[in-house]
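J.: One file: protein_10.txt (compact mmCIF, C-alpha atoms).
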# COMPACT_ATOMS: atom_id res chain seq x y z
CA GLY A 1 0.00 0.00 0.00
CA GLY A 2 0.89 3.69 -0.30
CA SER A 3 1.83 4.09 3.36
CA ASN A 4 4.61 1.52 3.10
CA GLN A 5 6.38 3.47 0.41
CA ASN A 6 6.87 6.40 2.74
CA GLU A 7 8.75 4.15 5.13
CA GLU A 8 11.29 3.20 2.47
CA THR A 9 14.41 5.26 3.05
CA LYS A 10 16.05 6.54 -0.10
CA VAL A 11 19.81 6.10 0.00
CA SER A 12 22.16 8.02 -2.27
CA VAL A 13 25.85 7.23 -2.73
CA ILE A 14 28.50 9.00 -4.82
CA MET A 15 31.93 7.48 -5.51
CA PRO A 16 34.93 8.25 -7.72
CA THR A 17 36.13 5.98 -10.53
CA GLY A 18 39.36 4.05 -10.05
CA THR A 19 40.31 2.06 -6.97
CA PRO A 20 37.48 3.23 -4.67
CA ALA A 21 34.75 2.29 -7.14
CA LEU A 22 36.49 -0.99 -7.94
CA GLY A 23 36.43 -2.08 -4.30
CA LEU A 24 32.72 -1.26 -4.15
CA ALA A 25 31.80 -2.85 -7.49
CA GLU A 26 29.82 -5.68 -5.93
CA TYR A 27 27.85 -3.19 -3.83
CA ALA A 28 27.15 -0.88 -6.78
CA VAL A 29 26.01 -3.66 -9.12
CA ASP A 30 23.77 -5.25 -6.49
CA ALA A 31 22.27 -1.85 -5.66
CA LYS A 32 21.06 -1.45 -9.25
CA ASP A 33 18.20 -3.82 -8.44
CA ASN A 34 17.00 -1.63 -5.58
CA GLU A 35 14.96 1.38 -6.67
CA ASN A 36 15.53 3.07 -3.31
CA ILE A 37 19.31 3.23 -3.78
CA THR A 38 21.14 5.55 -6.16
CA VAL A 39 24.85 4.99 -6.79
CA ASP A 40 26.61 7.60 -8.94
CA VAL A 41 30.15 6.94 -10.19
CA VAL A 42 31.99 10.14 -11.13
CA ALA A 43 35.40 11.15 -12.47
CA GLY A 44 37.69 13.46 -10.51
CA SER A 45 37.17 15.24 -7.21
CA ASP A 46 35.01 18.21 -8.32
CA PRO A 47 31.70 16.31 -8.15
CA LEU A 48 32.73 14.93 -4.75
CA MET A 49 33.44 18.42 -3.42
CA ALA A 50 30.08 19.58 -4.76
CA ALA A 51 28.38 16.69 -2.95
CA PHE A 52 29.99 17.69 0.38
CA VAL A 53 28.94 21.31 -0.11
CA ASN A 54 25.40 20.64 -1.35
CA LYS A 55 24.80 17.77 1.10
CA SER A 56 23.20 16.05 -1.88
CA TYR A 57 24.13 12.45 -0.95
CA ASN A 58 23.83 10.41 2.26
CA VAL A 59 27.14 8.67 1.57
CA ILE A 60 30.23 10.10 -0.16
CA VAL A 61 33.27 7.99 -1.03
CA ALA A 62 36.23 10.36 -1.19
CA PRO A 63 39.93 10.87 -0.46
CA VAL A 64 40.40 10.99 3.31
CA ASN A 65 42.13 14.39 3.23
CA LEU A 66 39.23 15.88 1.21
CA GLY A 67 36.74 14.49 3.72
CA ALA A 68 38.76 15.98 6.58
CA LYS A 69 38.87 19.38 4.90
CA MET A 70 35.12 19.33 4.24
CA PHE A 71 34.40 18.24 7.80
CA LYS A 72 36.35 21.22 9.14
CA GLN A 73 34.20 23.50 6.98
CA TYR A 74 30.74 21.97 7.39
CA GLU A 75 30.92 19.29 10.14
CA GLU A 76 28.40 17.30 8.13
CA TYR A 77 30.04 14.07 6.90
CA VAL A 78 32.01 11.85 9.27
CA LEU A 79 34.49 9.14 8.30
CA TYR A 80 32.74 5.78 8.52
CA SER A 81 35.60 3.62 7.27
CA THR A 82 38.81 4.03 5.28
CA PHE A 83 39.07 1.14 2.84
CA VAL A 84 41.79 2.10 0.32
CA TRP A 85 45.12 2.17 2.15
CA GLY A 86 47.25 3.41 -0.70
CA ASN A 87 47.63 2.09 -4.23
CA LEU A 88 50.55 4.17 -5.46
CA TYR A 89 53.65 2.86 -7.22
CA ILE A 90 56.70 4.27 -8.94
CA ALA A 91 57.22 2.67 -12.34
CA SER A 92 60.13 2.83 -14.76
CA LYS A 93 61.39 0.95 -17.81
CA THR A 94 64.93 1.37 -16.50
CA GLU A 95 66.07 -0.56 -13.46
CA LEU A 96 65.21 0.75 -9.99
CA ASN A 97 66.17 -1.36 -7.00
CA SER A 98 65.24 1.03 -4.23
CA PHE A 99 63.82 4.47 -3.50
CA LYS A 100 67.41 5.77 -3.24
CA ASP A 101 67.89 4.98 -6.96
CA LEU A 102 65.68 8.01 -7.67
CA ASP A 103 68.53 10.31 -6.65
CA GLY A 104 69.26 12.87 -9.37
CA LYS A 105 66.21 11.84 -11.39
CA THR A 106 62.99 13.52 -12.47
CA VAL A 107 59.83 11.76 -11.33
CA VAL A 108 56.47 12.59 -12.93
CA ALA A 109 53.64 12.56 -10.38
CA PHE A 110 49.95 13.10 -11.06
CA GLY A 111 47.66 15.43 -9.16
CA LYS A 112 49.64 18.27 -7.63
CA ASN A 113 48.59 18.82 -3.98
CA SER A 114 46.68 15.53 -3.94
CA THR A 115 47.59 12.17 -2.36
CA PRO A 116 50.37 11.12 -4.81
CA ASP A 117 52.10 14.48 -4.35
CA ILE A 118 51.74 14.37 -0.56
CA VAL A 119 53.08 10.81 -0.30
CA MET A 120 56.05 11.57 -2.56
CA LYS A 121 56.92 14.76 -0.65
CA ALA A 122 56.69 12.96 2.69
CA LEU A 123 59.03 10.22 1.45
CA LEU A 124 61.46 12.73 -0.07
CA LYS A 125 61.57 14.68 3.20
CA HIS A 126 62.34 11.41 5.00
CA HIS A 127 65.07 10.52 2.46
CA SER A 128 66.72 13.91 2.81
CA ASP A 129 69.98 12.61 1.36
CA ILE A 130 68.50 12.18 -2.13
CA ASN A 131 67.57 14.86 -4.62
CA VAL A 132 64.55 14.32 -6.85
CA ASN A 133 62.90 16.72 -9.26
CA LEU A 134 59.10 16.34 -9.20
CA GLU A 135 57.07 17.23 -12.28
CA TYR A 136 53.29 17.00 -12.52
CA VAL A 137 50.61 15.85 -14.90
CA THR A 138 46.87 16.07 -14.30
CA ASP A 139 45.89 12.44 -13.89
CA VAL A 140 47.19 8.90 -13.80
CA SER A 141 46.39 8.13 -17.44
CA GLU A 142 48.56 11.06 -18.53
CA ALA A 143 51.45 9.71 -16.43
CA ASN A 144 50.96 6.23 -17.90
CA THR A 145 50.99 7.60 -21.45
CA LEU A 146 54.34 9.30 -20.77
CA LEU A 147 55.85 6.07 -19.50
CA ALA A 148 54.47 4.03 -22.39
CA GLY A 149 55.85 6.43 -25.00
CA ASN A 150 59.29 7.09 -23.49
CA GLN A 151 62.22 4.89 -22.53
CA ASP A 152 63.54 7.07 -19.70
CA LYS A 153 60.49 8.43 -17.85
CA ILE A 154 59.92 7.56 -14.20
CA ILE A 155 56.33 8.02 -13.06
CA VAL A 156 54.09 7.78 -10.03
CA THR A 157 51.15 5.60 -11.03
CA ALA A 158 48.36 3.63 -9.39
CA GLU A 159 46.32 0.48 -9.53
CA PRO A 160 44.39 -0.69 -11.44
CA SER A 161 46.04 1.01 -14.42
CA ILE A 162 49.60 -0.05 -13.54
CA SER A 163 48.57 -3.70 -14.09
CA LYS A 164 47.71 -2.83 -17.69
CA LEU A 165 51.21 -1.34 -18.19
CA LYS A 166 52.86 -4.32 -16.51
CA SER A 167 51.22 -6.59 -19.06
CA LYS A 168 52.83 -4.59 -21.91
CA PHE A 169 56.27 -3.59 -20.62
CA ASN A 170 58.99 -4.97 -18.41
CA LEU A 171 58.84 -2.44 -15.56
CA SER A 172 60.73 -1.73 -12.37
CA ILE A 173 58.18 -1.04 -9.63
CA ILE A 174 58.60 0.57 -6.21
CA ASP A 175 55.67 0.05 -3.82
CA LEU A 176 55.06 3.39 -2.07
CA GLN A 177 52.94 1.72 0.63
CA GLU A 178 55.98 -0.34 1.69
CA GLU A 179 58.08 2.83 1.64
CA TRP A 180 55.49 4.58 3.84
CA ALA A 181 55.41 1.63 6.26
CA ASN A 182 59.22 1.66 6.53
CA MET A 183 59.14 5.38 7.27
CA THR A 184 56.28 5.46 9.78
CA GLY A 185 55.78 2.04 11.32
CA ASN A 186 52.09 2.39 10.33
CA ASP A 187 50.76 -0.15 7.82
CA SER A 188 50.05 2.46 5.21
CA TYR A 189 48.36 5.80 4.64
CA PRO A 190 44.59 6.28 4.42
CA GLN A 191 43.78 7.11 0.83
CA ALA A 192 40.01 6.82 0.35
CA GLY A 193 37.13 6.24 2.71
CA ILE A 194 33.38 6.10 3.11
CA PHE A 195 31.88 9.27 4.56
CA VAL A 196 28.34 9.50 5.88
CA GLN A 197 26.06 12.32 7.02
CA LYS A 198 26.18 12.45 10.81
CA ASP A 199 22.40 12.35 11.17
CA ALA A 200 22.10 9.49 8.70
CA LEU A 201 24.04 7.25 11.10
CA LYS A 202 20.89 7.01 13.19
CA ASN A 203 19.01 5.54 10.24
CA LYS A 204 18.78 1.74 10.25
CA THR A 205 18.57 1.41 6.44
CA ILE A 206 21.62 3.61 5.89
CA LYS A 207 23.61 1.68 8.50
CA GLU A 208 22.70 -1.54 6.67
CA GLU A 209 23.91 -0.06 3.38
CA LEU A 210 27.19 1.01 5.00
CA GLU A 211 27.68 -2.54 6.25
CA LYS A 212 27.03 -3.85 2.73
CA MET A 213 29.66 -1.47 1.38
CA LYS A 214 32.13 -2.79 3.93
CA SER A 215 31.26 -6.37 2.95
CA SER A 216 31.83 -5.49 -0.69
CA VAL A 217 35.38 -4.41 0.15
CA LEU A 218 36.07 -7.50 2.25
CA ASN A 219 34.72 -9.69 -0.57
CA ALA A 220 36.99 -7.92 -3.07
CA ILE A 221 39.96 -8.90 -0.90
CA GLU A 222 38.75 -12.51 -0.57
CA ASN A 223 37.57 -13.01 -4.14
CA PRO A 224 39.20 -10.70 -6.72
CA THR A 225 37.65 -12.63 -9.62
CA ASN A 226 34.10 -11.98 -8.45
CA CYS A 227 34.95 -8.30 -7.85
CA ALA A 228 36.42 -8.01 -11.37
CA GLU A 229 33.33 -9.61 -12.93
CA LYS A 230 31.10 -7.09 -11.16
CA ALA A 231 33.40 -4.19 -12.05
CA VAL A 232 33.20 -4.72 -15.82
CA LEU A 233 29.39 -4.53 -15.49
CA MET A 234 29.63 -1.46 -13.29
CA HIS A 235 31.56 1.09 -15.34
CA THR A 236 33.04 1.53 -18.82
CA SER A 237 36.49 2.38 -17.39
CA PHE A 238 36.67 -1.12 -15.88
CA GLU A 239 35.20 -2.73 -18.96
CA THR A 240 38.03 -1.13 -20.96
CA LEU A 241 40.72 -2.46 -18.60
CA GLY A 242 39.17 -5.93 -18.83
CA LYS A 243 38.55 -8.67 -16.33
CA GLU A 244 42.03 -10.24 -16.40
CA VAL A 245 43.83 -6.96 -15.71
CA LEU A 246 41.43 -6.20 -12.86
CA ILE A 247 41.94 -9.62 -11.28
CA SER A 248 45.69 -8.99 -11.12
CA ALA A 249 45.21 -5.38 -9.93
CA ILE A 250 42.78 -5.94 -7.06
CA PRO A 251 45.28 -7.56 -4.65
CA ASN A 252 47.59 -4.55 -5.16
CA CYS A 253 44.92 -1.95 -4.39
CA HIS A 254 45.54 -2.30 -0.64
CA TYR A 255 41.92 -2.72 0.32
CA GLN A 256 41.66 -3.11 4.06
CA ILE A 257 39.17 -2.48 6.83
CA VAL A 258 41.13 -1.42 9.90
CA GLN A 259 39.31 -1.75 13.22
CA ASN A 260 40.96 1.18 14.95
CA GLU A 261 42.03 3.51 12.20
CA LYS A 262 42.04 6.77 14.09
CA GLU A 263 45.78 6.72 14.81
CA ALA A 264 46.83 6.03 11.21
CA VAL A 265 44.40 8.63 9.83
CA ASN A 266 45.52 11.33 12.26
CA TYR A 267 49.18 10.52 11.60
CA TYR A 268 48.65 11.07 7.88
CA LEU A 269 46.71 14.32 8.39
CA GLN A 270 49.38 15.58 10.80
CA MET A 271 52.05 14.67 8.22
CA MET A 272 50.18 16.85 5.71
CA ILE A 273 50.23 19.78 8.15
CA ASP A 274 53.96 19.27 8.78
CA LEU A 275 54.69 19.23 5.05
CA GLY A 276 52.77 22.44 4.37
CA PHE A 277 49.69 20.74 2.88
CA GLY A 278 47.39 22.09 5.60
CA LYS A 279 45.14 23.76 3.03
CA GLN A 280 44.34 20.35 1.56
CA MET A 281 43.03 18.89 4.83
CA GLY A 282 41.57 21.82 6.78
CA GLU A 283 44.69 23.12 8.61
CA SER A 284 44.23 21.15 11.84
CA LEU A 285 43.12 17.69 12.94
CA PRO A 286 39.31 17.51 12.80
CA LYS A 287 37.59 16.66 16.08
CA GLU A 288 34.61 14.26 16.10
CA PHE A 289 35.59 13.26 12.57
CA PHE A 290 35.18 9.51 13.10
CA ALA A 291 31.79 7.82 12.93
Just give me the structure as structure tokens.

T.:
Amino acid sequence: GGSNQNEETKVSVIMPTGTPALGLAEYAVDAKDNENITVDVVAGSDPLMAAFVNKSYNVIVAPVNLGAKMFKQYEEYVLYSTFVWGNLYIASKTELNSFKDLDGKTVVAFGKNSTPDIVMKALLKHHSDINVNLEYVTDVSEANTLLAGNQDKIIVTAEPSISKLKSKFNLSIIDLQEEWANMTGNDSYPQAGIFVQKDALKNKTIKEELEKMKSSVLNAIENPTNCAEKAVLMHTSFETLGKEVLISAIPNCHYQIVQNEKEAVNYYLQMMIDLGFGKQMGESLPKEFFA
């Protein structure tokens, strides 16, 4: 009857393409059958910022530093769970055995002032004995194109696209998550998380959806093949990469659900402040930021 329909909570979720959407592919594909759930997959961070400002979604999947910055401004969306703990790699056609081999080289990073830039600058500050020239391109596909077309370029790249390059070229790879762990003693850095409207946390339906999102990530870790099969149905970018590439990429995306993540998240945000990236995370550690 008509009265029942009013009780159905509408749930809206926005998420960026790339690793975050890939980890939530099972959730997104299953949600298509439910008319009360909207899942929008978008490119870049502009639509995510708009969502934080306009409060137009119950759930926003976004870089952790962006969520922190938006929380400082609006105190609307809290961090429910970080699930991408870094998926950045340095890749080169010439041999690299360690981070120190970057000394005297130019490294092309993507996204100035965003996570790849922050992670590289943190590592370079730590390795103060080496000198690296950082150059920037807009996005990861631009970095990949440079590497593909040149013999001597060294780039910062990410999963899942690095798996595509690995299938075409013989590459030297440096895992920046391992480098971060060596530097900090923390497992890795919090890259992307699930943010939820504070008030929505009281809603039973929304809490159930958040749990399903978490399950989707845990299932991606357990069963990359199933995740890849869902992903090619979910978005053209994954369809283009293809199932086989995704299957090999998923274990390198560093999906993880950490029970007590507060310490690792605050460490990363504090590192941003120390490196002069305060503008990108709201200038100080956000209080009451965790769901």

J.: Taking all atoms listed in the file into account, which of A:Ile14, A:Val196, A:Ala158, A:Leu210 comes nearest A:Ala50?

T.: A:Ile14

J.: With all atoms listed in the file as the basis for distance, which of A:Thr240, A:Asn54, A:Ser45, A:Gln73 is at the shortest distance from A:Ser284?

T.: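 Among the listed residues, A:Gln73 lies closest to A:Ser284.
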
J.: Which residues are close to A:Ile247, i.e. within 12 Å by all atoms listed in the file, leaving aside same-chain residues fewer than 5 positions away? Reply as a PDB file with C-alpha atoms, keeping the file's coordinate frame.

T.:
ATOM      1  CA  LEU A  22      36.490  -0.990  -7.940  1.00  0.00           C
ATOM      2  CA  GLY A  23      36.430  -2.080  -4.300  1.00  0.00           C
ATOM      3  CA  GLU A 159      46.320   0.480  -9.530  1.00  0.00           C
ATOM      4  CA  PRO A 160      44.390  -0.690 -11.440  1.00  0.00           C
ATOM      5  CA  SER A 161      46.040   1.010 -14.420  1.00  0.00           C
ATOM      6  CA  SER A 163      48.570  -3.700 -14.090  1.00  0.00           C
ATOM      7  CA  LYS A 164      47.710  -2.830 -17.690  1.00  0.00           C
ATOM      8  CA  ALA A 220      36.990  -7.920  -3.070  1.00  0.00           C
ATOM      9  CA  ILE A 221      39.960  -8.900  -0.900  1.00  0.00           C
ATOM     10  CA  GLU A 222      38.750 -12.510  -0.570  1.00  0.00           C
ATOM     11  CA  ASN A 223      37.570 -13.010  -4.140  1.00  0.00           C
ATOM     12  CA  PRO A 224      39.200 -10.700  -6.720  1.00  0.00           C
ATOM     13  CA  THR A 225      37.650 -12.630  -9.620  1.00  0.00           C
ATOM     14  CA  ASN A 226      34.100 -11.980  -8.450  1.00  0.00           C
ATOM     15  CA  CYS A 227      34.950  -8.300  -7.850  1.00  0.00           C
ATOM     16  CA  ALA A 228      36.420  -8.010 -11.370  1.00  0.00           C
ATOM     17  CA  GLU A 229      33.330  -9.610 -12.930  1.00  0.00           C
ATOM     18  CA  LYS A 230      31.100  -7.090 -11.160  1.00  0.00           C
ATOM     19  CA  ALA A 231      33.400  -4.190 -12.050  1.00  0.00           C
ATOM     20  CA  VAL A 232      33.200  -4.720 -15.820  1.00  0.00           C
ATOM     21  CA  PHE A 238      36.670  -1.120 -15.880  1.00  0.00           C
ATOM     22  CA  LEU A 241      40.720  -2.460 -18.600  1.00  0.00           C
ATOM     23  CA  GLY A 242      39.170  -5.930 -18.830  1.00  0.00           C
ATOM     24  CA  ASN A 252      47.590  -4.550  -5.160  1.00  0.00           C
ATOM     25  CA  CYS A 253      44.920  -1.950  -4.390  1.00  0.00           C
TER      26      CYS A 253
END

J.: Using only C-alpha atoms, which of A:Ala291, A:Ile174, A:Ala43, A:Leu66 sits nearest A:Leu269?

T.: A:Leu66

J.: Figure out the distance between atom CA of A:Met15 and atom CA of A:Val61, please, to one decimal in Å.

T.: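 These atoms are spaced 4.7 Å apart.
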
J.: Counting only C-alpha atoms, which residue out of A:Met272, A:Met183, A:Met213, A:Ala62 sits closest to A:His126?

T.: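 Using only C-alpha atoms, A:His126 sits closest to A:Met183.
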
J.: Using all atoms listed in the file, determine which residues lie at most 10 Å from A:Pro116, disregarding the query and same-chain residues fewer than 5 positions distant; provide the list as a list of chain:residue names.

T.: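 Non-adjacent residues within range: A:Gly86, A:Asn87, A:Leu88, A:Tyr89, A:Ala109, A:Phe110, A:Gly111, A:Lys121, A:Ala122, A:Val140, A:Val156, A:Thr157, A:Ala158, A:Leu176, A:Gln191.
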
J.: Which residues of stretch 50-168 of chain A come within 12 Å of stretch 30-41 of chain A, and for each one, what is the closest pair of atoms and their distance in Å to one decimal, counting all atoms listed in the file, sorted by chain and residue number, as a tab-separated table?

T.:
residue	atom	partner	partner_atom	distance
A:Ala51	CA	A:Asp40	CA	11.0
A:Ser56	CA	A:Thr38	CA	11.5
A:Tyr57	CA	A:Thr38	CA	9.1
A:Asn58	CA	A:Thr38	CA	10.1
A:Val59	CA	A:Val39	CA	9.4
A:Ile60	CA	A:Asp40	CA	9.8
A:Val61	CA	A:Val41	CA	9.7
A:Ala62	CA	A:Val41	CA	11.4

J.: Tell me which of A:Val137, A:Met234, A:Val11, A:Ala249 sits closest to A:Leu165, counting all atoms listed in the file.

T.: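 Among A:Val137, A:Met234, A:Val11, A:Ala249, it is A:Ala249 that comes nearest to A:Leu165.
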
J.: Restricting the calculation to only C-alpha atoms: of A:Asp46, A:Glu26, A:Asp199, A:Glu8, which residue gets closest to A:Ser216?

T.: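 Ranking A:Asp46, A:Glu26, A:Asp199, A:Glu8 by distance to A:Ser216, first place goes to A:Glu26.
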
J.: One decimal, Å: what's the distance from atom CA of A:Phe99 over to atom CA of A:Leu123, could you say?

T.: 9.0 Å

J.: So how far away is atom CA of A:Asn133 from atom CA of A:Gly278, in Å?

T.: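 Interatomic distance, atom CA of A:Gly278 to atom CA of A:Asn133: 22.1 Å.
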
J.: For stretch 104-107 of chain A, find every residue with an atom within 12 Å (counting only C-alpha atoms), except residues of its own chain fewer than 4 positions away, and show them as a PyMOL selection string.

T.: chain A and resi 89-92+94+96+99-100+116-117+120-121+124+129-137+143+146-147+152-157

J.: Can you take the partial stretch 179-189 of chain A, add all heavy atoms, and return it as a PDB file, in the frame of the given file?

T.:
ATOM      1  N   GLU A 179      57.193   1.718   1.276  1.00  0.00           N
ATOM      2  CA  GLU A 179      58.080   2.830   1.640  1.00  0.00           C
ATOM      3  C   GLU A 179      57.501   3.619   2.817  1.00  0.00           C
ATOM      4  O   GLU A 179      58.209   4.026   3.738  1.00  0.00           O
ATOM      5  CB  GLU A 179      58.305   3.765   0.442  1.00  0.00           C
ATOM      6  CG  GLU A 179      59.014   3.119  -0.729  1.00  0.00           C
ATOM      7  CD  GLU A 179      60.445   2.688  -0.412  1.00  0.00           C
ATOM      8  OE1 GLU A 179      61.108   3.352   0.398  1.00  0.00           O
ATOM      9  OE2 GLU A 179      60.877   1.661  -0.981  1.00  0.00           O
ATOM     10  N   TRP A 180      56.173   3.843   2.758  1.00  0.00           N
ATOM     11  CA  TRP A 180      55.490   4.580   3.840  1.00  0.00           C
ATOM     12  C   TRP A 180      55.584   3.787   5.146  1.00  0.00           C
ATOM     13  O   TRP A 180      55.866   4.350   6.206  1.00  0.00           O
ATOM     14  CB  TRP A 180      54.027   4.821   3.467  1.00  0.00           C
ATOM     15  CG  TRP A 180      53.293   5.659   4.462  1.00  0.00           C
ATOM     16  CD1 TRP A 180      52.668   5.233   5.600  1.00  0.00           C
ATOM     17  CD2 TRP A 180      53.101   7.080   4.419  1.00  0.00           C
ATOM     18  NE1 TRP A 180      52.094   6.293   6.269  1.00  0.00           N
ATOM     19  CE2 TRP A 180      52.349   7.437   5.564  1.00  0.00           C
ATOM     20  CE3 TRP A 180      53.487   8.093   3.529  1.00  0.00           C
ATOM     21  CZ2 TRP A 180      51.971   8.757   5.834  1.00  0.00           C
ATOM     22  CZ3 TRP A 180      53.109   9.407   3.802  1.00  0.00           C
ATOM     23  CH2 TRP A 180      52.372   9.733   4.948  1.00  0.00           C
ATOM     24  N   ALA A 181      55.350   2.480   5.063  1.00  0.00           N
ATOM     25  CA  ALA A 181      55.410   1.630   6.260  1.00  0.00           C
ATOM     26  C   ALA A 181      56.809   1.649   6.873  1.00  0.00           C
ATOM     27  O   ALA A 181      56.968   1.731   8.095  1.00  0.00           O
ATOM     28  CB  ALA A 181      54.989   0.206   5.912  1.00  0.00           C
ATOM     29  N   ASN A 182      57.841   1.601   6.029  1.00  0.00           N
ATOM     30  CA  ASN A 182      59.220   1.660   6.530  1.00  0.00           C
ATOM     31  C   ASN A 182      59.487   2.976   7.250  1.00  0.00           C
ATOM     32  O   ASN A 182      60.208   3.031   8.236  1.00  0.00           O
ATOM     33  CB  ASN A 182      60.229   1.520   5.381  1.00  0.00           C
ATOM     34  CG  ASN A 182      60.159   0.148   4.734  1.00  0.00           C
ATOM     35  OD1 ASN A 182      59.658  -0.794   5.330  1.00  0.00           O
ATOM     36  ND2 ASN A 182      60.641   0.048   3.508  1.00  0.00           N
ATOM     37  N   MET A 183      58.899   4.050   6.720  1.00  0.00           N
ATOM     38  CA  MET A 183      59.140   5.380   7.270  1.00  0.00           C
ATOM     39  C   MET A 183      58.394   5.577   8.594  1.00  0.00           C
ATOM     40  O   MET A 183      58.911   6.203   9.515  1.00  0.00           O
ATOM     41  CB  MET A 183      58.688   6.432   6.244  1.00  0.00           C
ATOM     42  CG  MET A 183      58.677   7.858   6.766  1.00  0.00           C
ATOM     43  SD  MET A 183      58.255   9.085   5.488  1.00  0.00           S
ATOM     44  CE  MET A 183      56.489   8.866   5.330  1.00  0.00           C
ATOM     45  N   THR A 184      57.170   5.068   8.687  1.00  0.00           N
ATOM     46  CA  THR A 184      56.280   5.460   9.780  1.00  0.00           C
ATOM     47  C   THR A 184      56.025   4.372  10.809  1.00  0.00           C
ATOM     48  O   THR A 184      55.614   4.667  11.926  1.00  0.00           O
ATOM     49  CB  THR A 184      54.899   5.845   9.220  1.00  0.00           C
ATOM     50  OG1 THR A 184      54.312   4.686   8.608  1.00  0.00           O
ATOM     51  CG2 THR A 184      55.006   6.955   8.205  1.00  0.00           C
ATOM     52  N   GLY A 185      56.194   3.112  10.424  1.00  0.00           N
ATOM     53  CA  GLY A 185      55.780   2.040  11.320  1.00  0.00           C
ATOM     54  C   GLY A 185      54.281   1.772  11.256  1.00  0.00           C
ATOM     55  O   GLY A 185      53.788   0.800  11.804  1.00  0.00           O
ATOM     56  N   ASN A 186      53.513   2.675  10.579  1.00  0.00           N
ATOM     57  CA  ASN A 186      52.090   2.390  10.330  1.00  0.00           C
ATOM     58  C   ASN A 186      51.988   1.550   9.072  1.00  0.00           C
ATOM     59  O   ASN A 186      52.812   1.665   8.180  1.00  0.00           O
ATOM     60  CB  ASN A 186      51.300   3.690  10.104  1.00  0.00           C
ATOM     61  CG  ASN A 186      51.036   4.421  11.402  1.00  0.00           C
ATOM     62  OD1 ASN A 186      50.888   3.801  12.439  1.00  0.00           O
ATOM     63  ND2 ASN A 186      50.977   5.742  11.338  1.00  0.00           N
ATOM     64  N   ASP A 187      50.950   0.712   8.993  1.00  0.00           N
ATOM     65  CA  ASP A 187      50.760  -0.150   7.820  1.00  0.00           C
ATOM     66  C   ASP A 187      50.862   0.637   6.527  1.00  0.00           C
ATOM     67  O   ASP A 187      51.603   0.307   5.631  1.00  0.00           O
ATOM     68  CB  ASP A 187      49.378  -0.802   7.846  1.00  0.00           C
ATOM     69  CG  ASP A 187      49.413  -2.076   8.674  1.00  0.00           C
ATOM     70  OD1 ASP A 187      50.526  -2.461   9.070  1.00  0.00           O
ATOM     71  OD2 ASP A 187      48.358  -2.664   8.909  1.00  0.00           O
ATOM     72  N   SER A 188      50.071   1.664   6.427  1.00  0.00           N
ATOM     73  CA  SER A 188      50.050   2.460   5.210  1.00  0.00           C
ATOM     74  C   SER A 188      49.332   3.762   5.500  1.00  0.00           C
ATOM     75  O   SER A 188      49.037   4.067   6.647  1.00  0.00           O
ATOM     76  CB  SER A 188      49.361   1.688   4.081  1.00  0.00           C
ATOM     77  OG  SER A 188      49.528   2.391   2.861  1.00  0.00           O
ATOM     78  N   TYR A 189      49.030   4.523   4.455  1.00  0.00           N
ATOM     79  CA  TYR A 189      48.360   5.800   4.640  1.00  0.00           C
ATOM     80  C   TYR A 189      46.919   5.661   4.142  1.00  0.00           C
ATOM     81  O   TYR A 189      46.627   4.934   3.200  1.00  0.00           O
ATOM     82  CB  TYR A 189      49.091   6.916   3.871  1.00  0.00           C
ATOM     83  CG  TYR A 189      49.325   6.554   2.434  1.00  0.00           C
ATOM     84  CD1 TYR A 189      48.397   6.889   1.454  1.00  0.00           C
ATOM     85  CD2 TYR A 189      50.451   5.835   2.052  1.00  0.00           C
ATOM     86  CE1 TYR A 189      48.587   6.511   0.142  1.00  0.00           C
ATOM     87  CE2 TYR A 189      50.650   5.447   0.743  1.00  0.00           C
ATOM     88  CZ  TYR A 189      49.712   5.799  -0.205  1.00  0.00           C
ATOM     89  OH  TYR A 189      49.899   5.393  -1.504  1.00  0.00           O
TER      90      TYR A 189
END
